[in-house]
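S.K.: So that we are looking at the same thing, I have put the structure below in C-alpha cells.
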Amino acid sequence: MLVLAEDIGSRPAGSPAERQAAQYISHQLATYGYETQVEEFSVEYYVEEAGLEVVSPISLSLSPGALRLSAAGEVTAELAAAGLGRPEDFPPEGLKDRIALIERGDLSFADKVANANAADAAAVVIYNNAEGPFQGDLQAESAIPAVSLSQAEGGQLQTLLEEGPLTVRLFVQSTQETSTSQNIIGRPPEDDCQLIVGAHYDSVAAGPGANDNASGSATLLEIARVLDLSDGEQGVCFVAFGSEETGLLGSRHFVATLISQDEPSPQAMINLDMVGVGDEWHIMGSTSLAEKTAQVATALGLDPLLTEPHFSSDHLSFTDAGIPAILIHRFEDPRYHTESDRAEFVEPQLLEEAAKLTLLALAELAGS
Ligand code: BES
Ligand code: ZN
C-alpha cells in the first residue's frame, strides 16, 4: 500500500506513475508464482495549463494551477470576491461576466464553479484555505475556465480587491494527449480464470489515492500471496485494472478482450475498491453472489450491509457482460478524490478483514 500511495503517489490514467505502479504489481504477482501479463490499451486525456495576472491598476503575475477538466479559454475582466462560492455568496444581480474569486472549502470545486456560472461569472479563481497551492478536480468538464491558487496569492488578491477594482487576465489551455494504460493479470500457471479478484490501481490526479484504491490493490496482492497455488486453489486470477477513474476503461477493455478471444466466462468476479476507511462493510452487485458473500462476512462477524449500487467501479464492466460480480467496499470516506486520501488514514486491520472475507468467499465459490 505504501509503495503505491507514498513512494509512487498519484497515479492518473495513462501517466508514467500509473505505469510504474503496474510494474510493481506485476513484479509482486510474479514473485508469488503467477504467470503475469500486462494488457495494454490506449487512453486519451487532457493536459491543462493555466495563467493568471493582474493587469490593472498594477501589473502582477501569479502562479495558478488549472483545475482538472476546466473549460479552456481566455478572459480579461474585473475580479469579484464571492466568499465560498455558495449561491448566497453571489450578489443578487449576479457577477455579469466578472471573474469570481472564491475560497476553497465547504462545497466541491465543481459546485463552486457551477454556482459561479449560474451567477454569470466568466471564469473562476479558487484559492486555498490552507497553506500552499493545491490541485483540484472538477470531475466533469466545466462550463467556464477555472484555476486554483495558493492561499498566499489568493490573500494578496483579496487585499488588493479591498483597495479598489482589479482587472485580471486568466487563461486555461487544454491539450488532448493519447497515452497507454494497462491491466495486470496474474494467472495460476496453466489455468483458466474461473474466479477473478479485481481492483483498480490508478487514482485521480488530485491525490495519492490511498483508500481509492491503493487499499484494494494492496489487499488483492495480499490475497494472491497467501493463496496456496500448490494446494488445489486453482482457477483464481488477479486483475489490477488501469484507468478506472476515467470511465472503467481497464475493466471494459479486459472484459471485451475476454469475450473477443472466446475465453471461458468466469464464474464470478470480486472487486475491491475503497476497503480501508469508513464505518461499515458494504457488498453490492449481482444478488446471489452478494448474498453468498454477505453470509461469509456474517460468519466472520463483519456485519455487512447489502447496498443498492450508487457507485461505479470495475465490477460493472462484468455485470454489464452478464458475468456475476460484486463490489466489496466501505463507506464513507471524507477524503474521497482529494489530495488528503493518504496512507495514514487507511486502517491496516480493514485490509486484513477484506482479505479474509475475499479468501473465504473464494473458497466457498470454488466449492460450489
Ligand atoms: N472508488 C470509486 C467508487 C466508490 C465510491 C466505491 C465509494 C466505493 C465507495 C471509484 O473510483 C469512482 O470514483 N467512481 C466514480 C465513477 C468513475 C467512472 C469515475 C463514481 O462512482 O462516481
Ligand atoms: Zn475507486
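The chains in the C-alpha cells are called A, B, ... from first to last as shown; in each chain the residues are counted from 1, and the ligands are counted from 1 in the order shown.
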Could you give me, as JSON lines, every chain A residue with an atom at most 6 Å from ligand 1, plus its closest atom pair and distance in Å to one decimal, counting only C-alpha atoms and all ligand atoms, rows ordered by chain then number?
M.R.:
```
{"residue": "A:Asp212", "atom": "CA", "partner": "ligand 1", "partner_atom_place_in_ligand_line": "1 (N)", "distance": 5.2}
{"residue": "A:Glu245", "atom": "CA", "partner": "ligand 1", "partner_atom_place_in_ligand_line": "19 (C)", "distance": 4.1}
{"residue": "A:Thr246", "atom": "CA", "partner": "ligand 1", "partner_atom_place_in_ligand_line": "19 (C)", "distance": 5.3}
{"residue": "A:Gly247", "atom": "CA", "partner": "ligand 1", "partner_atom_place_in_ligand_line": "18 (C)", "distance": 3.9}
{"residue": "A:Leu248", "atom": "CA", "partner": "ligand 1", "partner_atom_place_in_ligand_line": "18 (C)", "distance": 5.3}
{"residue": "A:Asp273", "atom": "CA", "partner": "ligand 1", "partner_atom_place_in_ligand_line": "1 (N)", "distance": 5.3}
{"residue": "A:Met274", "atom": "CA", "partner": "ligand 1", "partner_atom_place_in_ligand_line": "8 (C)", "distance": 5.4}
{"residue": "A:Phe311", "atom": "CA", "partner": "ligand 1", "partner_atom_place_in_ligand_line": "21 (O)", "distance": 3.7}
{"residue": "A:Ser312", "atom": "CA", "partner": "ligand 1", "partner_atom_place_in_ligand_line": "21 (O)", "distance": 3.8}
{"residue": "A:Ser313", "atom": "CA", "partner": "ligand 1", "partner_atom_place_in_ligand_line": "10 (C)", "distance": 5.3}
{"residue": "A:His329", "atom": "CA", "partner": "ligand 1", "partner_atom_place_in_ligand_line": "8 (C)", "distance": 5.2}
{"residue": "A:Phe331", "atom": "CA", "partner": "ligand 1", "partner_atom_place_in_ligand_line": "9 (C)", "distance": 5.8}
```
S.K.: Set the cut-off to 9 Å, count only C-alpha atoms and all ligand atoms, and list whatever residues fall near ligand 2 as an NGL selection string.
M.R.: :A and (199-204 or 209 or 211-214 or 216 or 244-245 or 272-274 or 312-314 or 336-337)
S.K.: Using only C-alpha atoms, which residues of stretch 4-113 of chain A come within 10 Å of stretch 131-134 of chain A, and what is the closest atom pair for each, with the distance in Å to one decimal? Give it as CSV, sorted by chain and residue number.
M.R.:
```
residue,atom,partner,partner_atom,distance
A:Ser63,CA,A:Pro133,CA,8.9
A:Pro64,CA,A:Pro133,CA,8.0
A:Gly65,CA,A:Phe134,CA,7.6
A:Ala66,CA,A:Phe134,CA,9.8
A:Leu67,CA,A:Phe134,CA,9.2
A:Arg104,CA,A:Phe134,CA,9.8
```
S.K.: If you count only C-alpha atoms, which residues fall within 7 Å of stretch 294-309 of chain A, apart from same-chain ones fewer than 3 positions away, as a PyMOL selection string?
M.R.: chain A and resi 280-285+290-291+357+360-361
S.K.: Could you write those residues out with N, CA and C atoms, as an mmCIF file, in the first residue's frame?
M.R.:
```
data_model
loop_
_atom_site.group_PDB
_atom_site.id
_atom_site.type_symbol
_atom_site.label_atom_id
_atom_site.label_comp_id
_atom_site.auth_asym_id
_atom_site.auth_seq_id
_atom_site.Cartn_x
_atom_site.Cartn_y
_atom_site.Cartn_z
ATOM 1 N N GLU A 280 -18.605 0.862 7.918
ATOM 2 C CA GLU A 280 -19.329 -0.394 7.672
ATOM 3 C C GLU A 280 -18.857 -1.075 6.405
ATOM 4 N N TRP A 281 -19.008 -2.406 6.406
ATOM 5 C CA TRP A 281 -18.755 -3.154 5.176
ATOM 6 C C TRP A 281 -20.009 -3.155 4.309
ATOM 7 N N HIS A 282 -19.826 -2.896 3.039
ATOM 8 C CA HIS A 282 -20.949 -2.945 2.086
ATOM 9 C C HIS A 282 -20.605 -3.918 0.971
ATOM 10 N N ILE A 283 -21.623 -4.641 0.528
ATOM 11 C CA ILE A 283 -21.441 -5.538 -0.610
ATOM 12 C C ILE A 283 -22.543 -5.208 -1.607
ATOM 13 N N MET A 284 -22.165 -4.939 -2.833
ATOM 14 C CA MET A 284 -23.203 -4.631 -3.825
ATOM 15 C C MET A 284 -22.901 -5.338 -5.139
ATOM 16 N N GLY A 285 -23.932 -5.524 -5.945
ATOM 17 C CA GLY A 285 -23.726 -6.150 -7.251
ATOM 18 C C GLY A 285 -24.694 -7.294 -7.452
ATOM 19 N N ALA A 290 -23.716 -11.609 -4.072
ATOM 20 C CA ALA A 290 -23.641 -10.667 -2.947
ATOM 21 C C ALA A 290 -24.186 -11.326 -1.681
ATOM 22 N N GLU A 291 -25.277 -12.074 -1.825
ATOM 23 C CA GLU A 291 -25.867 -12.722 -0.641
ATOM 24 C C GLU A 291 -24.943 -13.792 -0.074
ATOM 25 N N LEU A 357 -12.245 -11.965 4.181
ATOM 26 C CA LEU A 357 -13.576 -12.125 3.594
ATOM 27 C C LEU A 357 -13.469 -12.640 2.160
ATOM 28 N N LEU A 360 -12.253 -16.328 2.029
ATOM 29 C CA LEU A 360 -13.303 -17.287 2.416
ATOM 30 C C LEU A 360 -14.374 -17.384 1.341
ATOM 31 N N ALA A 361 -14.715 -16.234 0.758
ATOM 32 C CA ALA A 361 -15.719 -16.241 -0.313
ATOM 33 C C ALA A 361 -15.208 -17.045 -1.508
#
```
S.K.: Of the residues A:Lys356, A:Arg169, A:Lys112, A:Arg252, which is the one nearest to A:Ala224, using only C-alpha atoms?
M.R.: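 Of A:Lys356, A:Arg169, A:Lys112, A:Arg252, the one nearest A:Ala224, counting only C-alpha atoms, is A:Lys356.
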S.K.: Run DSSP on the backbone and tell me which residues of stretch 312-344 of chain A come out as alpha helix (DSSP H); list them as a ChimeraX atom specification.
M.R.: /A:315-319
S.K.: Could you write out that same residue set with N, CA and C atoms as a short mmCIF file (atom, residue, chain, number, x, y, z; two decimals), in the first residue's frame?
M.R.:
```cif
data_model
loop_
_atom_site.label_atom_id
_atom_site.label_comp_id
_atom_site.auth_asym_id
_atom_site.auth_seq_id
_atom_site.Cartn_x
_atom_site.Cartn_y
_atom_site.Cartn_z
N HIS A 315 -16.58 -3.72 -11.21
CA HIS A 315 -17.48 -4.89 -11.25
C HIS A 315 -18.59 -4.67 -12.30
N LEU A 316 -18.91 -3.38 -12.56
CA LEU A 316 -19.99 -3.10 -13.53
C LEU A 316 -19.63 -3.55 -14.95
N SER A 317 -18.34 -3.51 -15.29
CA SER A 317 -17.94 -3.98 -16.62
C SER A 317 -18.27 -5.46 -16.77
N PHE A 318 -18.23 -6.19 -15.66
CA PHE A 318 -18.51 -7.63 -15.68
C PHE A 318 -20.02 -7.88 -15.69
N THR A 319 -20.74 -7.22 -14.78
CA THR A 319 -22.19 -7.45 -14.75
C THR A 319 -22.83 -7.00 -16.07
#
```
